[in-house]
Amino acid sequence: MAKAPKSLNRFYLLLGLGAGLGVVALAYLVLRPKAISIPANVTVLAGDTTGFRGYVLGSDSAPVEITEYADFECPACAEFALVQWPSIRDRLIETGQLRWRYRDWPIDELHSNARIAAHAAACANDQGKYWEMHDALFGGQAGWTRKRTAASIIRGYARSLALNLEEYDACMQSAMYAGRIQASHDEGSKLGVGSTPTFLIDGRLYPGVLPSDSVRKLVDRLTAAATTPPK
Amino acid sequence: MRWRMGTAMLSLAGLFVSAYLYLYKAGYIGALACGTGGCETVQLSAQSSFLGLDVALIGVAGYSALLAVSLAGLQPRFADARWPAVVLALLSGGAVAFTLYLKYLELFVIHAICRWCVVSAVLIAVIFVLSVLELRRVRQAE
């Protein structure tokens, strides 16, 4: 067998070195921790919940209030948000019959990006665009769920919503609302929430996707009960 | 031989650039080192797929093929063989045409420039030039 010339051996050595360096660099990029991390099970401080009891949409004088416990990465929550929610918002909330309260209940065991999404919504809320981010997160859920790039994809939503990205980035990096998300989760768990979405209506929990028609019937019944004088 | 060494080296570099972009798209890398944010816009656009295949993955396959042909062409028994030069020129020529199409999409459809895609475009253009030089060398040797 002919011996390879010296220059070829040197070339193979260089190529091997380049390949090794490239593999190490890619392995580092894949294995390094995600830049943005919203910790779970943090100690909730009083300041985390002062003046905050969820994200509210609707009139203060609406006769009925529904609290939704949801996880932005849960497919059933997205189904509810995309199919039922628009009708509930247009027909009941915007007409003053219903007030909606959204509370985070991230399921960490199944959804590694749920807290990142919940935190992104909280940061959008700082700039007055909570519900716009809520709609963007559920509408684009298939694009960011289970992905390590979720934070950067969601940042794209922040850009589309014309949020101040400098403020948004600072908010995300600081994980300043981790305690608020945890408090919301703890409150739901204490009430008996065990899955998402779950709705708290007139002191009773309704787990699973609620059709908008059922919500309307419940609201009608509760409104009638509230306005009928006791016999 | 030196042209084939050049195409092999540059193909390896292109392979890592494509793999980096593909790993990002597949969700294994948190954020791209890009600076302007154009990389994310391009990689997450509808145009980042071609005929159902991820463009970055097409890059991985293409650069792997170029690297394989370059390395095969470096074997002493193929030192003056014409086929590695022809295959390299055809592959890199096709890749240059595809890259021009992608640049058009970046500039006029997506309206964003991905720096890593520019790096890949420069690499493939140089590989094509080296392949043509290698083809000329082989012809002259014949």
# chains A, B, ... in the order shown; residues from 1 in each chain; ligands from 1
call {"tool": "residues_around", "arguments": {"residues": "Thr41 of chain B", "least_positions_apart": "3", "cutoff": "12 Å", "atoms": "only C-alpha atoms", "output": "JSON, numbers by chain"}}
result
{"A": [152, 153, 155, 156, 157, 159, 160], "B": [25, 31, 32, 34, 35, 36, 37, 38, 44, 45, 46, 47, 48, 106, 109, 110, 111, 112, 113, 114, 115]}
call {"tool": "select_by_dssp", "arguments": {"residues": "chain B", "states": "strand (DSSP E)", "output": "list in words"}}
result
Ser49, Phe50, Leu53 and Asp54 of chain B
call {"tool": "interface_residues", "arguments": {"of": "chain B", "to": "chain A", "cutoff": "8 Å", "atoms": "only C-alpha atoms", "output": "PyMOL selection string"}}
result
chain B and resi 5+9+12+16+20+23-31+40+76
call {"tool": "residues_around", "arguments": {"residues": "Val69 of chain B", "least_positions_apart": "3", "cutoff": "9 Å", "atoms": "only C-alpha atoms", "output": "list in words"}}
result
Arg4, Ala8, Ser64, Ala65, Leu66, Ala72, Gly73, Leu74, Pro84, Ala85, Val87 and Leu88 of chain B
call {"tool": "closest_residue", "arguments": {"among": "A:Asn9, A:Ser212, A:Ser59, A:Asn125", "to": "Trp100 of chain A", "atoms": "only C-alpha atoms"}}
result
A:Ser59
call {"tool": "select_by_dssp", "arguments": {"residues": "chain B", "states": "alpha helix (DSSP H)", "output": "VMD selection string"}}
result
chain B and resid 2 to 25 38 to 43 55 to 73 82 to 104 115 to 141
call {"tool": "residues_around", "arguments": {"residues": "Tyr168 of chain A", "least_positions_apart": "2", "cutoff": "12 Å", "atoms": "only C-alpha atoms", "output": "JSON, numbers by chain"}}
result
{"A": [119, 120, 121, 122, 123, 124, 125, 126, 127, 128, 129, 151, 152, 154, 155, 156, 157, 158, 159, 161, 162, 163, 164, 165, 166, 170, 171, 172, 173, 174, 175, 176]}
call {"tool": "atom_distance", "arguments": {"atom1": "atom CA of Leu130 of chain B", "atom2": "atom CA of Trp3 of chain B"}}
result
5.5 Å
call {"tool": "residues_around", "arguments": {"residues": "Val122 of chain B", "least_positions_apart": "5", "cutoff": "12 Å", "atoms": "only C-alpha atoms", "output": "PyMOL selection string"}}
result
chain B and resi 10-11+13-14+17+92+95-96+99-100+103+115-117+127-129
call {"tool": "write_last_selection", "arguments": {"atoms": "N, CA and C atoms", "output": "mmCIF file, in the first residue's frame"}}
result
data_model
loop_
_atom_site.group_PDB
_atom_site.id
_atom_site.type_symbol
_atom_site.label_atom_id
_atom_site.label_comp_id
_atom_site.auth_asym_id
_atom_site.auth_seq_id
_atom_site.Cartn_x
_atom_site.Cartn_y
_atom_site.Cartn_z
ATOM 1 N N LEU B 10 -13.438 23.478 3.904
ATOM 2 C CA LEU B 10 -14.570 24.407 3.871
ATOM 3 C C LEU B 10 -15.904 23.662 4.019
ATOM 4 N N SER B 11 -15.980 22.446 3.483
ATOM 5 C CA SER B 11 -17.206 21.652 3.635
ATOM 6 C C SER B 11 -17.421 21.302 5.101
ATOM 7 N N ALA B 13 -16.435 23.099 7.642
ATOM 8 C CA ALA B 13 -16.904 24.335 8.286
ATOM 9 C C ALA B 13 -18.390 24.552 7.983
ATOM 10 N N GLY B 14 -18.780 24.361 6.710
ATOM 11 C CA GLY B 14 -20.186 24.527 6.319
ATOM 12 C C GLY B 14 -21.086 23.526 7.021
ATOM 13 N N VAL B 17 -21.759 24.850 10.464
ATOM 14 C CA VAL B 17 -22.675 26.012 10.424
ATOM 15 C C VAL B 17 -24.116 25.511 10.230
ATOM 16 N N SER B 92 -21.458 21.598 -5.843
ATOM 17 C CA SER B 92 -21.297 22.971 -5.344
ATOM 18 C C SER B 92 -21.983 23.978 -6.272
ATOM 19 N N ALA B 95 -25.499 23.910 -5.302
ATOM 20 C CA ALA B 95 -25.635 24.561 -3.988
ATOM 21 C C ALA B 95 -25.557 26.084 -4.113
ATOM 22 N N VAL B 96 -24.725 26.567 -5.020
ATOM 23 C CA VAL B 96 -24.629 28.017 -5.233
ATOM 24 C C VAL B 96 -25.964 28.552 -5.771
ATOM 25 N N THR B 99 -28.372 28.607 -3.005
ATOM 26 C CA THR B 99 -28.037 29.697 -2.078
ATOM 27 C C THR B 99 -28.513 31.037 -2.625
ATOM 28 N N LEU B 100 -28.374 31.232 -3.925
ATOM 29 C CA LEU B 100 -28.852 32.492 -4.529
ATOM 30 C C LEU B 100 -30.361 32.635 -4.327
ATOM 31 N N LYS B 103 -30.937 33.602 -0.762
ATOM 32 C CA LYS B 103 -30.590 35.020 -0.532
ATOM 33 C C LYS B 103 -31.706 35.922 -1.035
ATOM 34 N N ARG B 115 -26.875 36.115 9.594
ATOM 35 C CA ARG B 115 -25.419 36.170 9.405
ATOM 36 C C ARG B 115 -24.803 34.791 9.144
ATOM 37 N N TRP B 116 -25.361 33.771 9.810
ATOM 38 C CA TRP B 116 -24.815 32.421 9.612
ATOM 39 C C TRP B 116 -25.102 31.928 8.200
ATOM 40 N N CYS B 117 -26.229 32.382 7.645
ATOM 41 C CA CYS B 117 -26.556 31.994 6.265
ATOM 42 C C CYS B 117 -25.585 32.690 5.307
ATOM 43 N N ILE B 127 -16.114 27.149 -2.188
ATOM 44 C CA ILE B 127 -16.011 25.721 -2.546
ATOM 45 C C ILE B 127 -16.235 25.543 -4.044
ATOM 46 N N PHE B 128 -17.201 26.273 -4.576
ATOM 47 C CA PHE B 128 -17.486 26.165 -6.017
ATOM 48 C C PHE B 128 -16.272 26.621 -6.840
ATOM 49 N N VAL B 129 -15.662 27.738 -6.440
ATOM 50 C CA VAL B 129 -14.487 28.249 -7.170
ATOM 51 C C VAL B 129 -13.357 27.207 -7.115
#
call {"tool": "atom_distance", "arguments": {"atom1": "atom CA of Asp169 of chain A", "atom2": "atom CA of His185 of chain A"}}
result
23.8 Å
